[in-house]
file run_36.txt (compact mmCIF, C-alpha atoms)
# COMPACT_ATOMS: atom_id res chain seq x y z
CA MET A 28 3.52 -7.42 20.29
CA PHE A 29 5.38 -5.67 23.07
CA THR A 30 5.58 -7.07 26.56
CA ALA A 31 3.72 -5.02 29.13
CA SER A 32 6.94 -4.15 30.94
CA ALA A 33 8.41 -2.62 27.81
CA ILE A 34 5.68 -0.02 27.39
CA MET A 35 6.83 2.58 29.90
CA ASN A 36 10.42 2.44 28.69
CA MET A 37 9.43 3.21 25.12
CA LYS A 38 6.78 5.89 25.46
CA SER A 39 9.14 8.67 26.45
CA HIS A 40 10.94 8.35 23.12
CA MET A 41 7.93 8.51 20.79
CA PHE A 42 5.72 11.32 19.48
CA LEU A 43 6.63 13.86 22.10
CA THR A 44 4.98 16.66 20.10
CA TYR A 45 1.46 15.27 20.32
CA PRO A 46 0.44 16.67 23.72
CA LEU A 47 0.28 20.12 22.12
CA LEU A 48 -1.89 18.90 19.28
CA CYS A 49 -4.74 17.80 21.50
CA PHE A 50 -6.04 21.28 22.09
CA LEU A 51 -5.79 22.48 18.50
CA PHE A 52 -9.10 20.82 17.68
CA LEU A 53 -11.08 21.81 20.76
CA SER A 54 -13.30 24.79 21.43
CA SER A 55 -12.13 27.22 24.10
CA PHE A 56 -14.78 25.83 26.48
CA VAL A 57 -13.70 22.22 26.07
CA TYR A 58 -10.08 23.32 26.29
CA GLY A 59 -10.73 24.32 29.87
CA GLN A 60 -12.40 21.02 30.71
CA LEU A 61 -10.04 18.39 29.24
CA ASP A 62 -6.58 17.85 30.66
CA TYR A 63 -3.80 15.30 30.29
CA LYS A 64 -3.57 15.22 34.10
CA TYR A 65 -7.31 15.13 34.69
CA TYR A 66 -7.21 11.94 36.78
CA ASP A 67 -3.71 12.30 38.23
CA THR A 68 -5.11 12.93 41.70
CA THR A 69 -8.47 11.17 41.58
CA CYS A 70 -7.37 8.00 39.73
CA PRO A 71 -3.57 7.96 39.44
CA ASN A 72 -3.33 4.33 38.27
CA LEU A 73 -5.89 4.70 35.49
CA THR A 74 -3.54 4.23 32.55
CA LYS A 75 -1.94 1.20 34.16
CA ILE A 76 -5.32 -0.40 34.82
CA VAL A 77 -6.43 0.19 31.22
CA ARG A 78 -3.13 -1.04 29.80
CA ASN A 79 -3.22 -4.24 31.83
CA GLY A 80 -6.81 -4.88 30.80
CA VAL A 81 -6.02 -4.42 27.13
CA TRP A 82 -2.89 -6.57 27.39
CA SER A 83 -4.91 -9.37 28.99
CA ALA A 84 -7.56 -9.16 26.28
CA ILE A 85 -4.99 -9.24 23.46
CA SER A 86 -3.29 -12.24 25.05
CA ASN A 87 -6.58 -14.12 24.73
CA ASP A 88 -7.65 -12.76 21.34
CA THR A 89 -5.24 -11.35 18.76
CA ARG A 90 -8.15 -9.70 16.90
CA MET A 91 -8.91 -7.47 19.86
CA PRO A 92 -6.66 -4.48 18.98
CA ALA A 93 -8.53 -3.90 15.74
CA SER A 94 -11.86 -4.50 17.47
CA LEU A 95 -11.16 -1.92 20.19
CA LEU A 96 -10.00 0.67 17.68
CA ARG A 97 -13.08 0.07 15.52
CA LEU A 98 -15.36 0.30 18.57
CA HIS A 99 -13.75 3.63 19.47
CA PHE A 100 -14.00 4.94 15.89
CA HIS A 101 -17.66 3.94 15.63
CA ASP A 102 -18.34 5.68 18.93
CA CYS A 103 -16.68 8.95 17.96
CA PHE A 104 -18.23 9.07 14.50
CA VAL A 105 -21.79 8.98 15.83
CA ASN A 106 -22.60 12.26 17.61
CA GLY A 107 -19.08 12.46 19.05
CA CYS A 108 -16.86 10.52 21.45
CA ASP A 109 -19.39 9.97 24.22
CA GLY A 110 -19.52 6.23 24.93
CA SER A 111 -22.96 5.95 23.31
CA ILE A 112 -21.97 2.81 21.41
CA LEU A 113 -21.58 1.00 24.73
CA LEU A 114 -25.21 1.50 25.79
CA ASP A 115 -27.72 -1.35 25.58
CA ASP A 116 -31.19 -0.68 24.18
CA THR A 117 -33.81 0.57 26.63
CA SER A 118 -37.53 1.25 26.59
CA THR A 119 -36.80 4.88 25.69
CA PHE A 120 -34.21 4.49 22.91
CA THR A 121 -32.80 2.00 20.44
CA GLY A 122 -29.04 2.17 20.70
CA GLU A 123 -26.15 1.76 18.29
CA LYS A 124 -25.12 -1.84 18.96
CA ASN A 125 -27.59 -3.24 16.43
CA ALA A 126 -27.16 -0.56 13.79
CA PHE A 127 -26.17 -2.13 10.49
CA PRO A 128 -22.45 -1.18 10.73
CA ASN A 129 -22.23 -2.68 14.24
CA ARG A 130 -24.60 -5.64 14.27
CA ASN A 131 -22.73 -8.94 14.66
CA SER A 132 -19.44 -7.16 13.99
CA ALA A 133 -18.65 -4.60 16.70
CA ARG A 134 -16.59 -6.34 19.39
CA GLY A 135 -14.77 -5.53 22.61
CA TYR A 136 -17.70 -4.58 24.84
CA GLU A 137 -16.73 -7.19 27.42
CA VAL A 138 -13.16 -5.87 27.49
CA ILE A 139 -14.37 -2.37 28.29
CA ASP A 140 -16.74 -3.80 30.92
CA ALA A 141 -13.87 -5.64 32.61
CA ILE A 142 -11.60 -2.60 32.60
CA LYS A 143 -14.42 -0.40 33.90
CA ALA A 144 -15.04 -2.84 36.76
CA ASN A 145 -11.38 -2.64 37.78
CA VAL A 146 -11.37 1.14 37.48
CA GLU A 147 -14.50 1.35 39.64
CA LYS A 148 -12.78 -0.71 42.34
CA ALA A 149 -9.85 1.70 42.37
CA CYS A 150 -11.70 4.97 41.71
CA PRO A 151 -15.48 4.71 42.18
CA SER A 152 -17.70 6.97 40.08
CA THR A 153 -14.71 8.92 38.77
CA VAL A 154 -13.68 7.83 35.26
CA SER A 155 -16.04 7.87 32.30
CA CYS A 156 -16.55 4.89 30.04
CA THR A 157 -15.68 7.21 27.15
CA ASP A 158 -12.23 7.96 28.54
CA ILE A 159 -11.67 4.25 29.21
CA LEU A 160 -12.56 3.36 25.61
CA THR A 161 -10.37 6.20 24.31
CA LEU A 162 -7.37 4.99 26.31
CA ALA A 163 -8.03 1.33 25.49
CA ALA A 164 -7.94 2.02 21.75
CA ARG A 165 -4.63 3.90 22.12
CA GLU A 166 -3.08 1.08 24.16
CA ALA A 167 -4.34 -1.57 21.75
CA ILE A 168 -2.62 0.04 18.79
CA TYR A 169 0.59 0.67 20.69
CA LEU A 170 0.73 -2.96 21.79
CA THR A 171 0.64 -4.05 18.15
CA ARG A 172 3.72 -1.92 17.39
CA GLY A 173 1.67 1.05 16.26
CA PRO A 174 2.17 4.71 17.22
CA PHE A 175 1.51 6.27 20.60
CA TRP A 176 -0.48 9.48 21.03
CA SER A 177 -1.20 11.47 24.15
CA VAL A 178 -4.82 11.58 25.29
CA CYS A 179 -6.36 14.52 27.10
CA LEU A 180 -8.97 13.29 29.55
CA GLY A 181 -12.17 14.43 31.24
CA ARG A 182 -14.80 13.27 28.75
CA ARG A 183 -18.21 12.40 30.11
CA ASP A 184 -20.68 9.74 29.02
CA SER A 185 -23.81 10.31 26.98
CA LEU A 186 -27.30 9.80 28.39
CA THR A 187 -28.66 8.25 25.22
CA ALA A 188 -27.73 6.55 21.93
CA SER A 189 -29.23 6.42 18.45
CA GLN A 190 -29.40 3.51 16.05
CA SER A 191 -30.59 5.78 13.23
CA ALA A 192 -27.65 8.14 13.74
CA ALA A 193 -25.23 5.22 13.57
CA ASN A 194 -26.82 4.00 10.34
CA ASP A 195 -26.65 7.48 8.82
CA GLN A 196 -23.29 8.77 10.05
CA LEU A 197 -20.89 5.81 9.92
CA PRO A 198 -18.97 5.33 6.67
CA SER A 199 -19.72 2.11 4.81
CA PRO A 200 -17.33 -0.04 2.75
CA PHE A 201 -20.03 -0.05 0.06
CA GLU A 202 -20.05 3.74 -0.33
CA PRO A 203 -18.11 5.68 -2.97
CA LEU A 204 -15.06 7.59 -1.78
CA VAL A 205 -16.76 10.95 -2.26
CA ASN A 206 -19.50 9.98 0.21
CA ILE A 207 -17.01 8.66 2.76
CA THR A 208 -14.96 11.83 2.49
CA ALA A 209 -18.07 13.96 3.00
CA LYS A 210 -18.84 12.09 6.22
CA PHE A 211 -15.30 12.72 7.47
CA VAL A 212 -15.54 16.41 6.58
CA SER A 213 -18.82 16.67 8.49
CA LYS A 214 -16.88 15.63 11.61
CA GLY A 215 -14.16 18.24 11.13
CA LEU A 216 -11.75 15.82 9.46
CA ASP A 217 -10.32 16.01 5.95
CA VAL A 218 -9.23 13.87 3.02
CA LYS A 219 -5.84 13.15 4.56
CA ASP A 220 -7.60 11.82 7.65
CA VAL A 221 -9.65 9.53 5.38
CA VAL A 222 -6.50 7.98 3.99
CA VAL A 223 -4.41 7.81 7.12
CA LEU A 224 -7.21 6.44 9.31
CA SER A 225 -8.03 3.88 6.62
CA GLY A 226 -4.52 2.64 7.38
CA ALA A 227 -6.01 1.13 10.54
CA HIS A 228 -7.00 -1.69 8.18
CA THR A 229 -3.44 -2.92 8.48
CA ILE A 230 -4.87 -5.06 11.31
CA GLY A 231 -8.19 -6.81 11.77
CA PHE A 232 -10.56 -8.91 9.70
CA ALA A 233 -13.65 -8.36 7.58
CA GLN A 234 -16.61 -10.63 7.11
CA CYS A 235 -17.07 -11.99 3.60
CA PHE A 236 -20.36 -10.16 3.04
CA ALA A 237 -18.42 -6.87 3.16
CA PHE A 238 -16.45 -7.66 -0.02
CA LYS A 239 -18.00 -10.76 -1.61
CA ARG A 240 -19.45 -8.90 -4.57
CA ARG A 241 -15.89 -8.06 -5.62
CA LEU A 242 -15.22 -11.77 -5.97
CA PHE A 243 -18.20 -12.94 -8.01
CA ASP A 244 -20.55 -10.24 -9.29
CA PHE A 245 -18.95 -6.83 -9.33
CA ASP A 246 -21.38 -4.13 -10.50
CA GLY A 247 -23.82 -6.84 -11.60
CA SER A 248 -21.48 -7.99 -14.34
CA GLY A 249 -21.20 -11.60 -13.22
CA ASN A 250 -17.43 -11.09 -13.14
CA PRO A 251 -14.99 -10.19 -10.33
CA ASP A 252 -13.69 -6.70 -9.70
CA PRO A 253 -11.07 -6.21 -12.43
CA THR A 254 -8.87 -4.19 -10.07
CA LEU A 255 -8.49 -7.09 -7.62
CA ASP A 256 -5.18 -8.95 -7.77
CA SER A 257 -5.79 -12.37 -9.33
CA SER A 258 -3.89 -14.38 -6.72
CA LEU A 259 -5.74 -12.62 -3.91
CA LEU A 260 -9.00 -13.27 -5.74
CA GLY A 261 -8.29 -17.00 -5.75
CA SER A 262 -7.45 -17.16 -2.07
CA LEU A 263 -10.48 -15.07 -1.10
CA ARG A 264 -12.82 -17.27 -3.12
CA SER A 265 -11.61 -20.26 -1.12
CA VAL A 266 -12.46 -18.46 2.14
CA CYS A 267 -15.66 -16.92 0.82
CA PRO A 268 -17.39 -19.32 -1.60
CA ASN A 269 -20.34 -17.91 -3.49
CA GLN A 270 -23.00 -19.06 -1.06
CA SER A 271 -24.85 -17.29 1.73
CA ASP A 272 -23.50 -19.45 4.54
CA SER A 273 -20.03 -17.99 3.96
CA ASP A 274 -21.11 -14.40 4.60
CA SER A 275 -19.76 -14.38 8.17
CA ASN A 276 -16.43 -16.04 7.35
CA LEU A 277 -13.42 -13.86 8.06
CA ALA A 278 -10.53 -12.67 5.91
CA PRO A 279 -7.65 -10.45 7.09
CA LEU A 280 -7.71 -6.85 5.93
CA ASP A 281 -3.93 -7.11 5.51
CA ALA A 282 -2.94 -10.70 4.80
CA VAL A 283 0.79 -9.90 4.80
CA THR A 284 1.28 -8.73 8.42
CA ILE A 285 -2.00 -9.71 10.02
CA ASN A 286 -1.35 -8.75 13.64
CA ARG A 287 1.20 -5.96 13.23
CA PHE A 288 0.27 -2.30 12.91
CA ASP A 289 2.45 -1.06 10.04
CA ASN A 290 2.25 0.55 6.60
CA VAL A 291 1.84 -2.67 4.59
CA TYR A 292 -1.84 -1.84 4.05
CA PHE A 293 -0.74 0.95 1.70
CA LYS A 294 1.65 -1.32 -0.16
CA ASN A 295 -1.24 -3.72 -0.63
CA LEU A 296 -3.33 -0.98 -2.24
CA ILE A 297 -0.56 -0.21 -4.72
CA ASN A 298 -0.50 -3.93 -5.56
CA ASN A 299 -4.29 -4.03 -6.09
CA SER A 300 -4.65 -6.11 -2.94
CA GLY A 301 -6.95 -3.97 -0.85
CA LEU A 302 -9.68 -6.15 0.62
CA LEU A 303 -12.60 -3.72 0.80
CA GLU A 304 -13.85 -1.84 -2.21
CA SER A 305 -13.59 1.39 -0.20
CA ASP A 306 -9.93 0.64 0.52
CA GLN A 307 -8.94 0.02 -3.08
CA ALA A 308 -10.92 3.09 -4.15
CA LEU A 309 -8.21 5.24 -2.56
CA MET A 310 -6.10 4.44 -5.64
CA ASN A 311 -8.72 5.86 -8.02
CA ASP A 312 -8.35 9.48 -6.92
CA ASN A 313 -5.18 11.48 -7.58
CA THR A 314 -5.12 13.13 -4.15
CA THR A 315 -5.71 10.00 -2.11
CA ALA A 316 -3.48 7.86 -4.32
CA ALA A 317 -0.58 10.26 -3.75
CA LEU A 318 -1.06 9.95 0.01
CA VAL A 319 -1.18 6.15 -0.27
CA SER A 320 2.08 6.24 -2.18
CA ASN A 321 3.74 8.44 0.43
CA TYR A 322 2.67 6.22 3.32
CA SER A 323 3.69 3.06 1.49
CA ARG A 324 7.25 4.38 1.20
CA ASN A 325 7.54 6.05 4.59
CA PRO A 326 6.33 4.07 7.61
CA SER A 327 7.47 6.78 10.01
CA LEU A 328 5.35 9.36 8.20
CA PHE A 329 2.34 7.08 8.43
CA SER A 330 2.84 6.51 12.16
CA LYS A 331 3.26 10.21 12.82
CA GLU A 332 0.22 11.25 10.81
CA PHE A 333 -1.94 8.40 12.12
CA ALA A 334 -1.27 9.63 15.65
CA ALA A 335 -2.12 13.20 14.62
CA SER A 336 -5.40 12.09 13.00
CA MET A 337 -6.32 10.07 16.08
CA VAL A 338 -5.85 13.16 18.25
CA LYS A 339 -8.36 14.93 16.01
CA LEU A 340 -10.76 11.98 16.10
CA ILE A 341 -10.79 11.52 19.88
CA ASN A 342 -11.89 15.11 20.45
CA ILE A 343 -14.96 15.10 18.19
CA GLY A 344 -18.12 16.17 20.01
CA VAL A 345 -16.92 15.39 23.53
CA LEU A 346 -19.11 16.03 26.58
CA THR A 347 -17.49 17.88 29.48
CA GLY A 348 -18.37 19.83 32.61
CA GLN A 349 -21.94 19.13 33.70
CA ASN A 350 -22.97 17.58 30.38
CA GLY A 351 -23.62 13.86 30.38
CA GLU A 352 -22.54 11.76 33.35
CA ILE A 353 -19.97 9.31 34.68
CA ARG A 354 -21.62 5.93 34.18
CA LYS A 355 -21.07 3.28 36.83
CA ASN A 356 -21.92 0.57 34.28
CA CYS A 357 -20.96 1.32 30.68
CA ARG A 358 -24.04 -0.47 29.32
CA VAL A 359 -26.67 1.59 31.14
CA VAL A 360 -27.34 5.18 32.10
CA ASN A 361 -27.14 5.72 35.87

call {"tool": "encode", "arguments": {"input": "run_36.txt", "output": "structure tokens"}}
result
Amino acid sequence: MFTASAIMNMKSHMFLTYPLLCFLFLSSFVYGQLDYKYYDTTCPNLTKIVRNGVWSAISNDTRMPASLLRLHFHDCFVNGCDGSILLDDTSTFTGEKNAFPNRNSARGYEVIDAIKANVEKACPSTVSCTDILTLAAREAIYLTRGPFWSVCLGRRDSLTASQSAANDQLPSPFEPLVNITAKFVSKGLDVKDVVVLSGAHTIGFAQCFAFKRRLFDFDGSGNPDPTLDSSLLGSLRSVCPNQSDSDSNLAPLDAVTINRFDNVYFKNLINNSGLLESDQALMNDNTTAALVSNYSRNPSLFSKEFAASMVKLINIGVLTGQNGEIRKNCRVVN
């Protein structure tokens, strides 16, 4: 990981074209509401506060970059990037935290709470939880040697959340590729975004229940997934024995470079070493397999296109203007 002091020196040299991309995926109305300099006057130290908070969290927990990115992705994929995933359940709605894709797996809420508290001290009632989560995910990836992308700001926070929407809209590692792709398309993304954003699995861990059937009873055959590398199969069986009390054990999504954001994930797929069934499925389609091959050979291309896909993702369904609110506490509506 980079030291905090190295960040500012490096950013000016990377991905200078991405500021222009932000607006390509926004309606004309939202275009007028979001701005890279949105908080320059009202909260000039925002990025520094977020960066320091993320750095502190990573120093205590090396899993946190992947957790923050996943939290951000799961927020944006359910009715847009609106901070709804951060809301606790209330008497009027059941939120997203206990939806099946998030229950006992979504992490990083406390990190966002801590950053929000520091932002509130500096700039009361000014910065949305959604913008904080969006910036935190960007900083988390950059601090693990991943790409940097510019973030236009001015999002507002939702007034509600929906467990059913999270269950319906989030892609699942158990779904076929065609279903996952359809969910991406419904958000204005495309098949290239499916592949490049799957590359986020170059960091992070998965619980054994998410892939255990590949190890012991693939498709009800009583045999392992024949596409799974045999040496990886052996090591995974030692971490995830065929018993229910191993379901929450963790295995790295990329066992080669666990804490570094790079293109090794794609090399793993070519070597039949993708952890999740949905990851390895990218090799079973000609279009997605060709993209995997390209990214496996060209780390710079992957970094560039991951940043471009993130710019598309972070502008899905944003609330601006008088819509939503600026929460004072990310867990509750004002």

call {"tool": "atom_distance", "arguments": {"input": "run_36.txt", "atom1": "atom CA of Tyr63 of chain A", "atom2": "atom CA of Arg354 of chain A"}}
result
20.5 Å

call {"tool": "closest_atom_pairs", "arguments": {"input": "run_36.txt", "of": "segment 183-277 of chain A", "to": "segment 84-91 of chain A", "cutoff": "9 Å", "atoms": "all atoms listed in the file", "output": "Markdown table"}}
result
| residue | atom | partner | partner_atom | distance |
| --- | --- | --- | --- | --- |
| A:Ile230 | CA | A:Arg90 | CA | 8.0 |
| A:Gly231 | CA | A:Arg90 | CA | 5.9 |
| A:Phe232 | CA | A:Arg90 | CA | 7.6 |

call {"tool": "closest_residue", "arguments": {"input": "run_36.txt", "among": "A:Asp272, A:Thr157, A:Gly80, A:Gly107", "to": "Ala144 of chain A", "atoms": "all atoms listed in the file"}}
result
A:Gly80

call {"tool": "residues_around", "arguments": {"input": "run_36.txt", "residues": "Ser305 of chain A", "least_positions_apart": "3", "cutoff": "8 Å", "atoms": "all atoms listed in the file", "output": "MDAnalysis selection string"}}
result
chainID A and resid 199:204 308:309

call {"tool": "write_last_selection", "arguments": {"input": "run_36.txt", "atoms": "C-alpha atoms", "output": "PDB file, in the frame of the given file"}}
result
ATOM      1  CA  SER A 199     -19.720   2.110   4.810  1.00  0.00           C
ATOM      2  CA  PRO A 200     -17.330  -0.040   2.750  1.00  0.00           C
ATOM      3  CA  PHE A 201     -20.030  -0.050   0.060  1.00  0.00           C
ATOM      4  CA  GLU A 202     -20.050   3.740  -0.330  1.00  0.00           C
ATOM      5  CA  PRO A 203     -18.110   5.680  -2.970  1.00  0.00           C
ATOM      6  CA  LEU A 204     -15.060   7.590  -1.780  1.00  0.00           C
ATOM      7  CA  ALA A 308     -10.920   3.090  -4.150  1.00  0.00           C
ATOM      8  CA  LEU A 309      -8.210   5.240  -2.560  1.00  0.00           C
TER       9      LEU A 309
END

call {"tool": "closest_residue", "arguments": {"input": "run_36.txt", "among": "A:Cys235, A:Val77, A:Ala317, A:Cys156", "to": "Ser271 of chain A", "atoms": "all atoms listed in the file"}}
result
A:Cys235

call {"tool": "residues_around", "arguments": {"input": "run_36.txt", "residues": "Leu180 of chain A", "least_positions_apart": "4", "cutoff": "7 Å", "atoms": "only C-alpha atoms", "output": "PyMOL selection string"}}
result
chain A and resi 61-63+65+158

call {"tool": "axis_aligned_box", "arguments": {"input": "run_36.txt", "around": "segment 62-67 of chain A", "padding_each_side": "4 Å", "output": "AutoDock Vina command-line options"}}
result
--center_x -5.4 --center_y 14.9 --center_z 34.3 --size_x 11.7 --size_y 13.9 --size_z 15.9

call {"tool": "residues_near_point", "arguments": {"input": "run_36.txt", "point": "(-18.5, -5.4, -2.8)", "cutoff": "12 Å", "atoms": "only C-alpha atoms", "output": "number ranges by chain"}}
result
A: 199-203, 233-247, 250-252, 255, 274, 301-308

call {"tool": "atom_distance", "arguments": {"input": "run_36.txt", "atom1": "atom CA of Gly351 of chain A", "atom2": "atom CA of Asp109 of chain A"}}
result
8.4 Å

call {"tool": "atom_distance", "arguments": {"input": "run_36.txt", "atom1": "atom CA of Ser152 of chain A", "atom2": "atom CA of Pro71 of chain A"}}
result
14.2 Å

call {"tool": "residues_around", "arguments": {"input": "run_36.txt", "residues": "Pro92 of chain A", "least_positions_apart": "2", "cutoff": "10 Å", "atoms": "only C-alpha atoms", "output": "ChimeraX atom specification"}}
result
/A:81-82,84-85,88-90,94-98,135,163-171,230-231,286-288

call {"tool": "closest_residue", "arguments": {"input": "run_36.txt", "among": "A:Ser213, A:Asn129, A:Ser155, A:Ser300", "to": "Ile353 of chain A", "atoms": "all atoms listed in the file"}}
result
A:Ser155

call {"tool": "residues_around", "arguments": {"input": "run_36.txt", "residues": "segment 340-343 of chain A", "least_positions_apart": "3", "cutoff": "12 Å", "atoms": "all atoms listed in the file", "output": "PyMOL selection string"}}
result
chain A and resi 48-54+57-58+60-62+96+99-110+157-165+176-183+211-217+220-221+223-224+333-337+346-347

call {"tool": "closest_residue", "arguments": {"input": "run_36.txt", "among": "A:Asn361, A:Asn295, A:Gln190, A:Ser330", "to": "Phe120 of chain A", "atoms": "only C-alpha atoms"}}
result
A:Gln190

call {"tool": "residues_around", "arguments": {"input": "run_36.txt", "residues": "Thr117 of chain A", "least_positions_apart": "3", "cutoff": "10 Å", "atoms": "only C-alpha atoms", "output": "VMD selection string"}}
result
chain A and resid 114 120 to 122 187 to 188 359 to 360

call {"tool": "closest_residue", "arguments": {"input": "run_36.txt", "among": "A:Leu259, A:Ile207, A:Val319, A:Ala133", "to": "Val222 of chain A", "atoms": "all atoms listed in the file"}}
result
A:Val319

call {"tool": "build_atoms", "arguments": {"input": "run_36.txt", "residues": "segment 314-322 of chain A", "atoms": "all heavy atoms", "output": "PDB file, keeping the file's coordinate frame"}}
result
ATOM      1  N   THR A 314      -5.545  12.624  -5.456  1.00  0.00           N
ATOM      2  CA  THR A 314      -5.120  13.130  -4.150  1.00  0.00           C
ATOM      3  C   THR A 314      -4.891  11.998  -3.163  1.00  0.00           C
ATOM      4  O   THR A 314      -3.858  11.939  -2.481  1.00  0.00           O
ATOM      5  CB  THR A 314      -6.184  14.101  -3.593  1.00  0.00           C
ATOM      6  OG1 THR A 314      -6.321  15.208  -4.496  1.00  0.00           O
ATOM      7  CG2 THR A 314      -5.773  14.617  -2.216  1.00  0.00           C
ATOM      8  N   THR A 315      -5.854  11.092  -3.071  1.00  0.00           N
ATOM      9  CA  THR A 315      -5.710  10.000  -2.110  1.00  0.00           C
ATOM     10  C   THR A 315      -4.646   9.010  -2.542  1.00  0.00           C
ATOM     11  O   THR A 315      -3.915   8.469  -1.705  1.00  0.00           O
ATOM     12  CB  THR A 315      -7.061   9.279  -1.892  1.00  0.00           C
ATOM     13  OG1 THR A 315      -7.551   8.797  -3.155  1.00  0.00           O
ATOM     14  CG2 THR A 315      -8.080  10.219  -1.270  1.00  0.00           C
ATOM     15  N   ALA A 316      -4.504   8.785  -3.842  1.00  0.00           N
ATOM     16  CA  ALA A 316      -3.480   7.860  -4.320  1.00  0.00           C
ATOM     17  C   ALA A 316      -2.077   8.373  -4.006  1.00  0.00           C
ATOM     18  O   ALA A 316      -1.176   7.589  -3.676  1.00  0.00           O
ATOM     19  CB  ALA A 316      -3.623   7.639  -5.830  1.00  0.00           C
ATOM     20  N   ALA A 317      -1.894   9.689  -4.081  1.00  0.00           N
ATOM     21  CA  ALA A 317      -0.580  10.260  -3.750  1.00  0.00           C
ATOM     22  C   ALA A 317      -0.266  10.053  -2.276  1.00  0.00           C
ATOM     23  O   ALA A 317       0.881   9.760  -1.910  1.00  0.00           O
ATOM     24  CB  ALA A 317      -0.565  11.748  -4.094  1.00  0.00           C
ATOM     25  N   LEU A 318      -1.282  10.190  -1.414  1.00  0.00           N
ATOM     26  CA  LEU A 318      -1.060   9.950   0.010  1.00  0.00           C
ATOM     27  C   LEU A 318      -0.746   8.484   0.268  1.00  0.00           C
ATOM     28  O   LEU A 318       0.148   8.155   1.061  1.00  0.00           O
ATOM     29  CB  LEU A 318      -2.297  10.376   0.799  1.00  0.00           C
ATOM     30  CG  LEU A 318      -2.552  11.883   0.887  1.00  0.00           C
ATOM     31  CD1 LEU A 318      -3.965  12.168   1.361  1.00  0.00           C
ATOM     32  CD2 LEU A 318      -1.527  12.540   1.814  1.00  0.00           C
ATOM     33  N   VAL A 319      -1.463   7.594  -0.396  1.00  0.00           N
ATOM     34  CA  VAL A 319      -1.180   6.150  -0.270  1.00  0.00           C
ATOM     35  C   VAL A 319       0.266   5.869  -0.639  1.00  0.00           C
ATOM     36  O   VAL A 319       0.984   5.139   0.061  1.00  0.00           O
ATOM     37  CB  VAL A 319      -2.136   5.335  -1.151  1.00  0.00           C
ATOM     38  CG1 VAL A 319      -1.668   3.877  -1.238  1.00  0.00           C
ATOM     39  CG2 VAL A 319      -3.553   5.390  -0.615  1.00  0.00           C
ATOM     40  N   SER A 320       0.713   6.444  -1.739  1.00  0.00           N
ATOM     41  CA  SER A 320       2.080   6.240  -2.180  1.00  0.00           C
ATOM     42  C   SER A 320       3.090   6.725  -1.149  1.00  0.00           C
ATOM     43  O   SER A 320       4.080   6.044  -0.849  1.00  0.00           O
ATOM     44  CB  SER A 320       2.301   6.956  -3.520  1.00  0.00           C
ATOM     45  OG  SER A 320       3.629   6.797  -3.976  1.00  0.00           O
ATOM     46  N   ASN A 321       2.835   7.902  -0.583  1.00  0.00           N
ATOM     47  CA  ASN A 321       3.740   8.440   0.430  1.00  0.00           C
ATOM     48  C   ASN A 321       3.826   7.527   1.647  1.00  0.00           C
ATOM     49  O   ASN A 321       4.914   7.246   2.151  1.00  0.00           O
ATOM     50  CB  ASN A 321       3.270   9.831   0.869  1.00  0.00           C
ATOM     51  CG  ASN A 321       3.518  10.893  -0.186  1.00  0.00           C
ATOM     52  OD1 ASN A 321       4.328  10.709  -1.090  1.00  0.00           O
ATOM     53  ND2 ASN A 321       2.819  12.010  -0.078  1.00  0.00           N
ATOM     54  N   TYR A 322       2.676   7.065   2.124  1.00  0.00           N
ATOM     55  CA  TYR A 322       2.670   6.220   3.320  1.00  0.00           C
ATOM     56  C   TYR A 322       3.259   4.844   3.046  1.00  0.00           C
ATOM     57  O   TYR A 322       3.843   4.227   3.938  1.00  0.00           O
ATOM     58  CB  TYR A 322       1.243   6.089   3.866  1.00  0.00           C
ATOM     59  CG  TYR A 322       0.638   7.392   4.315  1.00  0.00           C
ATOM     60  CD1 TYR A 322      -0.717   7.678   4.099  1.00  0.00           C
ATOM     61  CD2 TYR A 322       1.405   8.365   4.958  1.00  0.00           C
ATOM     62  CE1 TYR A 322      -1.270   8.874   4.499  1.00  0.00           C
ATOM     63  CE2 TYR A 322       0.854   9.567   5.359  1.00  0.00           C
ATOM     64  CZ  TYR A 322      -0.488   9.820   5.122  1.00  0.00           C
ATOM     65  OH  TYR A 322      -1.026  11.016   5.530  1.00  0.00           O
TER      66      TYR A 322
END
